[in-house]
$ cat target-v1.cif   # mmCIF, C-alpha atoms, pLDDT in the B column; chains and numbers go by the auth columns
data_upload
#
loop_
_atom_site.group_PDB
_atom_site.id
_atom_site.type_symbol
_atom_site.label_atom_id
_atom_site.label_comp_id
_atom_site.label_asym_id
_atom_site.label_seq_id
_atom_site.Cartn_x
_atom_site.Cartn_y
_atom_site.Cartn_z
_atom_site.B_iso_or_equiv
_atom_site.auth_seq_id
_atom_site.auth_asym_id
ATOM 1 C CA MET A 1 23.503 0.922 7.299 47.00 1 A
ATOM 2 C CA GLY A 2 22.778 -0.307 10.827 48.00 2 A
ATOM 3 C CA LYS A 3 19.349 -0.818 12.279 48.00 3 A
ATOM 4 C CA PRO A 4 17.665 2.523 12.981 54.00 4 A
ATOM 5 C CA ARG A 5 17.365 3.975 16.464 74.00 5 A
ATOM 6 C CA LEU A 6 13.809 4.015 17.800 78.00 6 A
ATOM 7 C CA PHE A 7 12.976 7.691 17.163 84.00 7 A
ATOM 8 C CA ASP A 8 15.269 8.344 14.189 89.00 8 A
ATOM 9 C CA LEU A 9 12.757 8.947 11.381 91.00 9 A
ATOM 10 C CA GLU A 10 15.392 9.592 8.736 91.00 10 A
ATOM 11 C CA ASN A 11 17.120 6.273 9.287 88.00 11 A
ATOM 12 C CA HIS A 12 13.819 4.418 9.708 87.00 12 A
ATOM 13 C CA PHE A 13 12.627 5.764 6.379 89.00 13 A
ATOM 14 C CA ALA A 14 15.943 5.030 4.656 89.00 14 A
ATOM 15 C CA TYR A 15 16.114 1.503 6.099 87.00 15 A
ATOM 16 C CA TYR A 16 12.592 0.680 4.938 87.00 16 A
ATOM 17 C CA GLY A 17 13.018 2.557 1.657 87.00 17 A
ATOM 18 C CA ALA A 18 16.056 0.456 0.736 87.00 18 A
ATOM 19 C CA TYR A 19 13.711 -2.532 0.530 88.00 19 A
ATOM 20 C CA HIS A 20 11.118 -0.608 -1.475 87.00 20 A
ATOM 21 C CA SER A 21 12.776 1.230 -4.355 86.00 21 A
ATOM 22 C CA ASN A 22 10.821 -0.292 -7.242 89.00 22 A
ATOM 23 C CA PRO A 23 7.771 1.859 -8.182 91.00 23 A
ATOM 24 C CA ILE A 24 5.463 -1.130 -8.684 93.00 24 A
ATOM 25 C CA ASN A 25 6.489 -2.630 -5.353 90.00 25 A
ATOM 26 C CA ILE A 26 5.876 0.730 -3.694 91.00 26 A
ATOM 27 C CA LEU A 27 2.418 0.880 -5.295 93.00 27 A
ATOM 28 C CA ILE A 28 1.606 -2.635 -4.096 93.00 28 A
ATOM 29 C CA HIS A 29 2.578 -1.702 -0.552 92.00 29 A
ATOM 30 C CA THR A 30 0.596 1.517 -0.777 93.00 30 A
ATOM 31 C CA LEU A 31 -2.497 -0.528 -1.638 95.00 31 A
ATOM 32 C CA PHE A 32 -2.022 -3.346 0.875 95.00 32 A
ATOM 33 C CA VAL A 33 -0.241 -2.129 4.028 95.00 33 A
ATOM 34 C CA TRP A 34 -3.116 -0.220 5.601 96.00 34 A
ATOM 35 C CA PRO A 35 -5.671 -2.980 4.815 96.00 35 A
ATOM 36 C CA ILE A 36 -3.381 -5.412 6.672 95.00 36 A
ATOM 37 C CA PHE A 37 -3.395 -3.084 9.674 96.00 37 A
ATOM 38 C CA PHE A 38 -7.163 -2.560 9.439 97.00 38 A
ATOM 39 C CA THR A 39 -8.058 -6.243 9.194 97.00 39 A
ATOM 40 C CA SER A 40 -5.655 -7.084 12.026 95.00 40 A
ATOM 41 C CA LEU A 41 -7.645 -4.700 14.206 95.00 41 A
ATOM 42 C CA ILE A 42 -10.825 -6.609 13.334 95.00 42 A
ATOM 43 C CA LEU A 43 -9.364 -9.670 15.044 94.00 43 A
ATOM 44 C CA PHE A 44 -8.003 -7.573 17.914 93.00 44 A
ATOM 45 C CA TYR A 45 -11.602 -6.594 18.670 92.00 45 A
ATOM 46 C CA PHE A 46 -12.180 -10.078 20.032 92.00 46 A
ATOM 47 C CA THR A 47 -9.328 -9.887 22.546 89.00 47 A
ATOM 48 C CA PRO A 48 -10.168 -9.345 26.243 86.00 48 A
ATOM 49 C CA ALA A 49 -11.459 -5.839 26.972 81.00 49 A
ATOM 50 C CA PHE A 50 -9.686 -3.576 29.438 79.00 50 A
ATOM 51 C CA TYR A 51 -12.712 -1.301 29.624 69.00 51 A
ATOM 52 C CA ASP A 52 -16.009 -1.024 27.780 65.00 52 A
ATOM 53 C CA LEU A 53 -17.136 2.480 26.778 64.00 53 A
ATOM 54 C CA SER A 54 -19.925 1.204 24.525 61.00 54 A
ATOM 55 C CA GLN A 55 -22.658 2.349 26.902 60.00 55 A
ATOM 56 C CA ALA A 56 -21.253 5.849 27.333 55.00 56 A
ATOM 57 C CA GLY A 57 -23.018 7.278 24.284 54.00 57 A
ATOM 58 C CA ILE A 58 -19.911 9.126 23.124 57.00 58 A
ATOM 59 C CA LEU A 59 -20.379 8.330 19.436 52.00 59 A
ATOM 60 C CA PRO A 60 -23.519 8.061 17.259 54.00 60 A
ATOM 61 C CA SER A 61 -25.530 4.974 18.213 55.00 61 A
ATOM 62 C CA GLY A 62 -24.252 2.930 15.270 56.00 62 A
ATOM 63 C CA PHE A 63 -20.645 3.210 16.451 56.00 63 A
ATOM 64 C CA ASN A 64 -20.836 3.074 20.252 56.00 64 A
ATOM 65 C CA HIS A 65 -20.293 -0.687 20.313 64.00 65 A
ATOM 66 C CA ALA A 66 -16.878 -0.037 18.775 65.00 66 A
ATOM 67 C CA LEU A 67 -15.674 1.749 21.919 72.00 67 A
ATOM 68 C CA VAL A 68 -14.104 -1.240 23.608 76.00 68 A
ATOM 69 C CA LEU A 69 -10.651 -0.624 25.019 83.00 69 A
ATOM 70 C CA ASN A 70 -8.628 -3.751 24.263 89.00 70 A
ATOM 71 C CA TYR A 71 -5.392 -4.788 22.574 91.00 71 A
ATOM 72 C CA GLY A 72 -6.618 -3.262 19.311 91.00 72 A
ATOM 73 C CA SER A 73 -7.146 0.155 20.853 90.00 73 A
ATOM 74 C CA ALA A 74 -3.859 -0.103 22.775 92.00 74 A
ATOM 75 C CA PHE A 75 -1.920 -0.950 19.618 94.00 75 A
ATOM 76 C CA SER A 76 -3.625 1.864 17.674 95.00 76 A
ATOM 77 C CA PHE A 77 -2.912 4.427 20.404 95.00 77 A
ATOM 78 C CA PHE A 78 0.692 3.248 20.691 94.00 78 A
ATOM 79 C CA LEU A 79 1.326 3.471 16.931 95.00 79 A
ATOM 80 C CA GLY A 80 -0.377 6.853 16.717 96.00 80 A
ATOM 81 C CA LEU A 81 1.714 8.264 19.564 96.00 81 A
ATOM 82 C CA PHE A 82 4.890 6.769 18.091 94.00 82 A
ATOM 83 C CA TYR A 83 4.204 8.410 14.727 96.00 83 A
ATOM 84 C CA VAL A 84 3.490 11.798 16.325 96.00 84 A
ATOM 85 C CA VAL A 85 6.815 11.618 18.161 94.00 85 A
ATOM 86 C CA LEU A 86 8.581 10.834 14.865 94.00 86 A
ATOM 87 C CA ASP A 87 6.965 13.759 13.012 95.00 87 A
ATOM 88 C CA LYS A 88 4.258 16.008 14.417 95.00 88 A
ATOM 89 C CA LYS A 89 2.490 16.885 11.138 95.00 89 A
ATOM 90 C CA ALA A 90 2.462 13.614 9.223 96.00 90 A
ATOM 91 C CA GLY A 91 2.425 11.719 12.517 96.00 91 A
ATOM 92 C CA SER A 92 -0.774 13.464 13.598 97.00 92 A
ATOM 93 C CA LEU A 93 -2.429 12.426 10.329 97.00 93 A
ATOM 94 C CA ALA A 94 -1.156 8.876 10.793 97.00 94 A
ATOM 95 C CA ALA A 95 -2.439 8.844 14.389 97.00 95 A
ATOM 96 C CA PHE A 96 -5.869 9.974 13.181 97.00 96 A
ATOM 97 C CA LEU A 97 -5.870 7.191 10.579 97.00 97 A
ATOM 98 C CA CYS A 98 -4.862 4.625 13.201 96.00 98 A
ATOM 99 C CA LEU A 99 -7.737 5.643 15.477 93.00 99 A
ATOM 100 C CA ALA A 100 -10.165 5.747 12.542 94.00 100 A
ATOM 101 C CA CYS A 101 -9.060 2.235 11.572 95.00 101 A
ATOM 102 C CA TRP A 102 -9.600 1.046 15.141 92.00 102 A
ATOM 103 C CA LEU A 103 -13.134 2.470 15.276 88.00 103 A
ATOM 104 C CA GLY A 104 -14.004 1.206 11.800 91.00 104 A
ATOM 105 C CA ALA A 105 -12.528 -2.250 12.368 94.00 105 A
ATOM 106 C CA SER A 106 -14.228 -2.570 15.755 90.00 106 A
ATOM 107 C CA SER A 107 -17.573 -1.557 14.278 87.00 107 A
ATOM 108 C CA ILE A 108 -17.237 -4.111 11.472 92.00 108 A
ATOM 109 C CA ALA A 109 -16.085 -6.827 13.875 92.00 109 A
ATOM 110 C CA ALA A 110 -19.045 -6.239 16.179 87.00 110 A
ATOM 111 C CA LYS A 111 -21.465 -6.543 13.251 89.00 111 A
ATOM 112 C CA LEU A 112 -19.825 -9.608 11.690 92.00 112 A
ATOM 113 C CA GLY A 113 -19.221 -11.615 14.834 92.00 113 A
ATOM 114 C CA TYR A 114 -16.150 -13.749 15.383 92.00 114 A
ATOM 115 C CA SER A 115 -17.176 -16.753 13.261 94.00 115 A
ATOM 116 C CA LEU A 116 -17.476 -14.631 10.106 96.00 116 A
ATOM 117 C CA ALA A 117 -14.904 -11.961 10.958 96.00 117 A
ATOM 118 C CA TRP A 118 -11.911 -14.305 11.130 95.00 118 A
ATOM 119 C CA LYS A 119 -12.803 -15.734 7.701 96.00 119 A
ATOM 120 C CA VAL A 120 -13.003 -12.269 6.162 96.00 120 A
ATOM 121 C CA VAL A 121 -9.714 -11.314 7.822 96.00 121 A
ATOM 122 C CA MET A 122 -7.993 -14.498 6.658 96.00 122 A
ATOM 123 C CA VAL A 123 -8.959 -13.891 3.025 97.00 123 A
ATOM 124 C CA ALA A 124 -7.884 -10.236 3.194 96.00 124 A
ATOM 125 C CA GLN A 125 -4.592 -11.031 4.926 96.00 125 A
ATOM 126 C CA VAL A 126 -3.681 -13.812 2.477 97.00 126 A
ATOM 127 C CA LEU A 127 -4.460 -11.525 -0.464 96.00 127 A
ATOM 128 C CA CYS A 128 -2.519 -8.559 0.913 95.00 128 A
ATOM 129 C CA TRP A 129 0.516 -10.518 2.094 93.00 129 A
ATOM 130 C CA SER A 130 0.663 -12.485 -1.158 95.00 130 A
ATOM 131 C CA GLY A 131 0.629 -9.216 -3.096 93.00 131 A
ATOM 132 C CA GLN A 132 3.493 -7.839 -1.038 91.00 132 A
ATOM 133 C CA PHE A 133 5.665 -10.925 -1.342 91.00 133 A
ATOM 134 C CA LEU A 134 4.927 -10.928 -5.067 92.00 134 A
ATOM 135 C CA GLY A 135 6.022 -7.310 -5.239 90.00 135 A
ATOM 136 C CA HIS A 136 9.316 -8.139 -3.564 88.00 136 A
ATOM 137 C CA GLY A 137 9.978 -11.326 -5.492 88.00 137 A
ATOM 138 C CA VAL A 138 8.998 -10.164 -8.975 91.00 138 A
ATOM 139 C CA PHE A 139 9.637 -6.417 -8.998 89.00 139 A
ATOM 140 C CA GLU A 140 11.956 -5.516 -6.107 86.00 140 A
ATOM 141 C CA LYS A 141 13.924 -8.757 -6.338 84.00 141 A
ATOM 142 C CA ARG A 142 14.822 -8.425 -2.676 83.00 142 A
ATOM 143 C CA ALA A 143 13.402 -10.124 0.412 79.00 143 A
ATOM 144 C CA PRO A 144 10.990 -8.010 2.500 81.00 144 A
ATOM 145 C CA ALA A 145 12.354 -5.868 5.324 75.00 145 A
ATOM 146 C CA LEU A 146 10.423 -7.920 7.876 72.00 146 A
ATOM 147 C CA LEU A 147 12.765 -10.871 7.284 70.00 147 A
ATOM 148 C CA ASP A 148 15.694 -8.762 8.525 74.00 148 A
ATOM 149 C CA ASN A 149 13.914 -6.679 11.171 74.00 149 A
ATOM 150 C CA LEU A 150 10.361 -7.809 11.916 74.00 150 A
ATOM 151 C CA VAL A 151 9.522 -5.253 14.606 74.00 151 A
ATOM 152 C CA GLN A 152 10.839 -2.286 12.616 75.00 152 A
ATOM 153 C CA ALA A 153 8.969 -3.365 9.485 76.00 153 A
ATOM 154 C CA ILE A 154 5.670 -3.801 11.326 81.00 154 A
ATOM 155 C CA LEU A 155 5.983 -0.519 13.200 84.00 155 A
ATOM 156 C CA MET A 156 7.084 1.603 10.253 88.00 156 A
ATOM 157 C CA ALA A 157 5.179 0.125 7.297 91.00 157 A
ATOM 158 C CA PRO A 158 1.953 2.174 7.694 94.00 158 A
ATOM 159 C CA PHE A 159 3.860 5.403 8.318 95.00 159 A
ATOM 160 C CA PHE A 160 6.304 4.740 5.489 92.00 160 A
ATOM 161 C CA VAL A 161 3.429 4.283 3.049 94.00 161 A
ATOM 162 C CA LEU A 162 1.741 7.465 4.259 96.00 162 A
ATOM 163 C CA LEU A 163 4.952 9.481 3.967 94.00 163 A
ATOM 164 C CA GLU A 164 5.500 8.091 0.461 92.00 164 A
ATOM 165 C CA VAL A 165 2.028 9.280 -0.578 95.00 165 A
ATOM 166 C CA LEU A 166 2.448 12.705 1.029 96.00 166 A
ATOM 167 C CA GLN A 167 5.851 13.131 -0.558 93.00 167 A
ATOM 168 C CA SER A 168 4.686 12.002 -4.007 91.00 168 A
ATOM 169 C CA LEU A 169 1.466 14.032 -4.094 94.00 169 A
ATOM 170 C CA PHE A 170 2.432 17.151 -2.141 94.00 170 A
ATOM 171 C CA GLY A 171 6.220 17.148 -1.945 93.00 171 A
ATOM 172 C CA TYR A 172 5.950 16.885 1.836 95.00 172 A
ATOM 173 C CA GLU A 173 9.100 16.662 3.925 94.00 173 A
ATOM 174 C CA PRO A 174 9.264 16.450 7.726 94.00 174 A
ATOM 175 C CA TYR A 175 12.022 19.039 7.477 93.00 175 A
ATOM 176 C CA PRO A 176 13.990 20.671 4.617 93.00 176 A
ATOM 177 C CA GLY A 177 16.486 18.316 3.029 93.00 177 A
ATOM 178 C CA PHE A 178 14.899 15.205 4.503 94.00 178 A
ATOM 179 C CA GLN A 179 14.194 13.509 1.180 92.00 179 A
ATOM 180 C CA ALA A 180 17.644 14.220 -0.254 93.00 180 A
ATOM 181 C CA ARG A 181 19.345 12.810 2.825 94.00 181 A
ATOM 182 C CA VAL A 182 17.101 9.756 2.847 92.00 182 A
ATOM 183 C CA ASN A 183 17.630 9.099 -0.876 91.00 183 A
ATOM 184 C CA ALA A 184 21.400 9.237 -0.414 93.00 184 A
ATOM 185 C CA LYS A 185 21.206 6.711 2.423 90.00 185 A
ATOM 186 C CA ILE A 186 18.888 4.457 0.411 89.00 186 A
ATOM 187 C CA LYS A 187 21.295 4.442 -2.546 90.00 187 A
ATOM 188 C CA ALA A 188 24.228 3.683 -0.253 89.00 188 A
ATOM 189 C CA GLU A 189 22.380 0.819 1.452 86.00 189 A
ATOM 190 C CA ILE A 190 21.227 -0.680 -1.855 84.00 190 A
ATOM 191 C CA LYS A 191 24.770 -0.502 -3.211 86.00 191 A
ATOM 192 C CA GLU A 192 26.069 -2.218 -0.070 84.00 192 A
ATOM 193 C CA TRP A 193 23.447 -4.966 -0.437 79.00 193 A
ATOM 194 C CA GLN A 194 24.237 -5.432 -4.129 80.00 194 A
ATOM 195 C CA ASP A 195 27.967 -5.662 -3.404 79.00 195 A
ATOM 196 C CA LYS A 196 27.349 -8.335 -0.753 80.00 196 A
ATOM 197 C CA LYS A 197 25.073 -10.197 -3.146 76.00 197 A
ATOM 198 C CA GLN A 198 27.702 -10.048 -5.893 77.00 198 A
ATOM 199 C CA LYS A 199 30.384 -11.396 -3.551 74.00 199 A
ATOM 200 C CA LYS A 200 28.182 -14.374 -2.685 72.00 200 A
ATOM 201 C CA VAL A 201 27.627 -15.124 -6.355 68.00 201 A
ATOM 202 C CA SER A 202 31.321 -14.884 -7.227 61.00 202 A
#
$ encode --input "target-v1.cif" --output "structure tokens"
Amino acid sequence: MGKPRLFDLENHFAYYGAYHSNPINILIHTLFVWPIFFTSLILFYFTPAFYDLSQAGILPSGFNHALVLNYGSAFSFFLGLFYVVLDKKAGSLAAFLCLACWLGASSIAAKLGYSLAWKVVMVAQVLCWSGQFLGHGVFEKRAPALLDNLVQAILMAPFFVLLEVLQSLFGYEPYPGFQARVNAKIKAEIKEWQDKKQKKVS
């Protein structure tokens, strides 16, 4: 299966899903992907501000200092918009989560200060990334998707995890037949990968 087109949710999901078919690996990613995004936004808080809304009094006083428009807010808005374009319902929920993460991460970053924040982020990132590589190495037995397509993996990981949860808990599909089509593509891609792997061994 080729690399997915930018707004092709079905192929995005199948491409990412082919690297995450083991239930334990899926669980590990479910636990760690969003914390990676959240803690990344903590560091983004300390990037140069495009505009400071902290004095506008838009939010309750404890959160107004989080309203700094910077690379963190830009990345959150971009991801949220991208997810809405891919699927209006689940994408809207993902966009809300992205913005909530930005506000929460910015609030925490402002309280911690840079000298403590980067240490907290480093510990969290090492823990989360180690868990994911462990999931791939021990349970999935396949290298992470980011090694084949870094941009696609980074962009789709939070949304993939959310869709997995929605599908597992509520049977959600962006449209009828989505899951069946995706599962067929995942099986085909895994078989193709296994055949290539077998040829290398023989």
$ closest_atom_pairs --input "target-v1.cif" --of "stretch 76-142 of chain A" --to "stretch 162-165 of chain A" --cutoff "9 Å" --atoms "only C-alpha atoms" --output "JSON lines"
{"residue": "A:Ala90", "atom": "CA", "partner": "A:Leu163", "partner_atom": "CA", "distance": 7.1}
{"residue": "A:Leu93", "atom": "CA", "partner": "A:Leu162", "partner_atom": "CA", "distance": 8.9}
{"residue": "A:Ala94", "atom": "CA", "partner": "A:Leu162", "partner_atom": "CA", "distance": 7.3}
$ atom_distance --input "target-v1.cif" --atom1 "atom CA of A:Val182" --atom2 "atom CA of A:Ala153"
16.8 Å
$ closest_atom_pairs --input "target-v1.cif" --of "stretch 104-164 of chain A" --to "stretch 188-196 of chain A" --cutoff "12 Å" --atoms "only C-alpha atoms" --output "Markdown table"
| residue | atom | partner | partner_atom | distance |
| --- | --- | --- | --- | --- |
| A:Glu140 | CA | A:Ile190 | CA | 11.3 |
| A:Lys141 | CA | A:Gln194 | CA | 11.1 |
| A:Arg142 | CA | A:Trp193 | CA | 9.6 |
| A:Ala143 | CA | A:Trp193 | CA | 11.3 |
$ resolve_selection --input "target-v1.cif" --expression "the PyMOL selection byres ((chain A and resi 95-106) around 10)" --output "PyMOL selection string"
chain A and resi 34-35+37-46+63-68+72-84+88-94+107-112+158-159+162
$ write_last_selection --input "target-v1.cif" --atoms "C-alpha atoms" --output "PDB file, in the coordinates of the input"
ATOM      1  CA  TRP A  34      -3.116  -0.220   5.601  1.00 96.00           C
ATOM      2  CA  PRO A  35      -5.671  -2.980   4.815  1.00 96.00           C
ATOM      3  CA  PHE A  37      -3.395  -3.084   9.674  1.00 96.00           C
ATOM      4  CA  PHE A  38      -7.163  -2.560   9.439  1.00 97.00           C
ATOM      5  CA  THR A  39      -8.058  -6.243   9.194  1.00 97.00           C
ATOM      6  CA  SER A  40      -5.655  -7.084  12.026  1.00 95.00           C
ATOM      7  CA  LEU A  41      -7.645  -4.700  14.206  1.00 95.00           C
ATOM      8  CA  ILE A  42     -10.825  -6.609  13.334  1.00 95.00           C
ATOM      9  CA  LEU A  43      -9.364  -9.670  15.044  1.00 94.00           C
ATOM     10  CA  PHE A  44      -8.003  -7.573  17.914  1.00 93.00           C
ATOM     11  CA  TYR A  45     -11.602  -6.594  18.670  1.00 92.00           C
ATOM     12  CA  PHE A  46     -12.180 -10.078  20.032  1.00 92.00           C
ATOM     13  CA  PHE A  63     -20.645   3.210  16.451  1.00 56.00           C
ATOM     14  CA  ASN A  64     -20.836   3.074  20.252  1.00 56.00           C
ATOM     15  CA  HIS A  65     -20.293  -0.687  20.313  1.00 64.00           C
ATOM     16  CA  ALA A  66     -16.878  -0.037  18.775  1.00 65.00           C
ATOM     17  CA  LEU A  67     -15.674   1.749  21.919  1.00 72.00           C
ATOM     18  CA  VAL A  68     -14.104  -1.240  23.608  1.00 76.00           C
ATOM     19  CA  GLY A  72      -6.618  -3.262  19.311  1.00 91.00           C
ATOM     20  CA  SER A  73      -7.146   0.155  20.853  1.00 90.00           C
ATOM     21  CA  ALA A  74      -3.859  -0.103  22.775  1.00 92.00           C
ATOM     22  CA  PHE A  75      -1.920  -0.950  19.618  1.00 94.00           C
ATOM     23  CA  SER A  76      -3.625   1.864  17.674  1.00 95.00           C
ATOM     24  CA  PHE A  77      -2.912   4.427  20.404  1.00 95.00           C
ATOM     25  CA  PHE A  78       0.692   3.248  20.691  1.00 94.00           C
ATOM     26  CA  LEU A  79       1.326   3.471  16.931  1.00 95.00           C
ATOM     27  CA  GLY A  80      -0.377   6.853  16.717  1.00 96.00           C
ATOM     28  CA  LEU A  81       1.714   8.264  19.564  1.00 96.00           C
ATOM     29  CA  PHE A  82       4.890   6.769  18.091  1.00 94.00           C
ATOM     30  CA  TYR A  83       4.204   8.410  14.727  1.00 96.00           C
ATOM     31  CA  VAL A  84       3.490  11.798  16.325  1.00 96.00           C
ATOM     32  CA  LYS A  88       4.258  16.008  14.417  1.00 95.00           C
ATOM     33  CA  LYS A  89       2.490  16.885  11.138  1.00 95.00           C
ATOM     34  CA  ALA A  90       2.462  13.614   9.223  1.00 96.00           C
ATOM     35  CA  GLY A  91       2.425  11.719  12.517  1.00 96.00           C
ATOM     36  CA  SER A  92      -0.774  13.464  13.598  1.00 97.00           C
ATOM     37  CA  LEU A  93      -2.429  12.426  10.329  1.00 97.00           C
ATOM     38  CA  ALA A  94      -1.156   8.876  10.793  1.00 97.00           C
ATOM     39  CA  SER A 107     -17.573  -1.557  14.278  1.00 87.00           C
ATOM     40  CA  ILE A 108     -17.237  -4.111  11.472  1.00 92.00           C
ATOM     41  CA  ALA A 109     -16.085  -6.827  13.875  1.00 92.00           C
ATOM     42  CA  ALA A 110     -19.045  -6.239  16.179  1.00 87.00           C
ATOM     43  CA  LYS A 111     -21.465  -6.543  13.251  1.00 89.00           C
ATOM     44  CA  LEU A 112     -19.825  -9.608  11.690  1.00 92.00           C
ATOM     45  CA  PRO A 158       1.953   2.174   7.694  1.00 94.00           C
ATOM     46  CA  PHE A 159       3.860   5.403   8.318  1.00 95.00           C
ATOM     47  CA  LEU A 162       1.741   7.465   4.259  1.00 96.00           C
TER      48      LEU A 162
END
$ resolve_selection --input "target-v1.cif" --expression "the PyMOL selection byres ((chain A and resi 125-138) around 7)" --output "PyMOL selection string"
chain A and resi 25+28-29+32+36+121-124+139-144
$ atom_distance --input "target-v1.cif" --atom1 "atom CA of A:Ala180" --atom2 "atom CA of A:Val85"
21.5 Å
$ closest_residue --input "target-v1.cif" --among "A:Ser21, A:Gln179, A:Gln198, A:Gln152" --to "A:Leu166" --atoms "all atoms listed in the file"
A:Gln179
$ atom_distance --input "target-v1.cif" --atom1 "atom CA of A:Lys187" --atom2 "atom CA of A:Asn149"
19.1 Å
$ closest_residue --input "target-v1.cif" --among "A:Leu150, A:Leu86, A:Val161, A:Phe50" --to "A:Leu9" --atoms "all atoms listed in the file"
A:Leu86
$ residues_near_point --input "target-v1.cif" --point "(11.6, -2.8, 4.8)" --cutoff "7 Å" --atoms "only C-alpha atoms" --output "short mmCIF file (atom, residue, chain, number, x, y, z; two decimals) with C-alpha atoms, in the frame of the given file"
data_model
loop_
_atom_site.label_atom_id
_atom_site.label_comp_id
_atom_site.auth_asym_id
_atom_site.auth_seq_id
_atom_site.Cartn_x
_atom_site.Cartn_y
_atom_site.Cartn_z
CA TYR A 15 16.11 1.50 6.10
CA TYR A 16 12.59 0.68 4.94
CA GLY A 17 13.02 2.56 1.66
CA ALA A 18 16.06 0.46 0.74
CA TYR A 19 13.71 -2.53 0.53
CA HIS A 20 11.12 -0.61 -1.48
CA PRO A 144 10.99 -8.01 2.50
CA ALA A 145 12.35 -5.87 5.32
CA LEU A 146 10.42 -7.92 7.88
CA ALA A 153 8.97 -3.36 9.48
#
$ closest_residue --input "target-v1.cif" --among "A:Pro48, A:Asp87, A:Ser115, A:Pro23" --to "A:Pro174" --atoms "all atoms listed in the file"
A:Asp87
$ build_atoms --input "target-v1.cif" --residues "stretch 113-129 of chain A" --atoms "N, CA and C atoms" --output "CSV table (one decimal), in the frame of the given file"
chain,number,residue,atom,x,y,z
A,113,GLY,N,-19.4,-10.5,13.9
A,113,GLY,CA,-19.2,-11.6,14.8
A,113,GLY,C,-18.0,-12.4,14.5
A,114,TYR,N,-17.5,-13.1,15.5
A,114,TYR,CA,-16.2,-13.7,15.4
A,114,TYR,C,-16.1,-14.8,14.3
A,115,SER,N,-17.2,-15.6,14.2
A,115,SER,CA,-17.2,-16.8,13.3
A,115,SER,C,-17.0,-16.3,11.8
A,116,LEU,N,-17.6,-15.2,11.5
A,116,LEU,CA,-17.5,-14.6,10.1
A,116,LEU,C,-16.3,-13.7,10.0
A,117,ALA,N,-16.0,-13.0,11.0
A,117,ALA,CA,-14.9,-12.0,11.0
A,117,ALA,C,-13.6,-12.6,10.7
A,118,TRP,N,-13.2,-13.7,11.3
A,118,TRP,CA,-11.9,-14.3,11.1
A,118,TRP,C,-11.8,-14.8,9.7
A,119,LYS,N,-12.9,-15.3,9.1
A,119,LYS,CA,-12.8,-15.7,7.7
A,119,LYS,C,-12.5,-14.6,6.7
A,120,VAL,N,-13.2,-13.5,7.0
A,120,VAL,CA,-13.0,-12.3,6.2
A,120,VAL,C,-11.6,-11.8,6.3
A,121,VAL,N,-11.1,-11.8,7.5
A,121,VAL,CA,-9.7,-11.3,7.8
A,121,VAL,C,-8.7,-12.2,7.2
A,122,MET,N,-8.9,-13.5,7.2
A,122,MET,CA,-8.0,-14.5,6.7
A,122,MET,C,-7.9,-14.3,5.2
A,123,VAL,N,-9.0,-14.1,4.5
A,123,VAL,CA,-9.0,-13.9,3.0
A,123,VAL,C,-8.2,-12.6,2.7
A,124,ALA,N,-8.5,-11.5,3.4
A,124,ALA,CA,-7.9,-10.2,3.2
A,124,ALA,C,-6.4,-10.3,3.5
A,125,GLN,N,-6.0,-10.9,4.6
A,125,GLN,CA,-4.6,-11.0,4.9
A,125,GLN,C,-3.8,-11.9,3.9
A,126,VAL,N,-4.4,-13.0,3.5
A,126,VAL,CA,-3.7,-13.8,2.5
A,126,VAL,C,-3.5,-13.0,1.2
A,127,LEU,N,-4.5,-12.3,0.8
A,127,LEU,CA,-4.5,-11.5,-0.5
A,127,LEU,C,-3.4,-10.4,-0.3
A,128,CYS,N,-3.4,-9.7,0.8
A,128,CYS,CA,-2.5,-8.6,0.9
A,128,CYS,C,-1.1,-9.0,1.1
A,129,TRP,N,-0.8,-10.0,1.9
A,129,TRP,CA,0.5,-10.5,2.1
A,129,TRP,C,1.1,-11.2,0.8
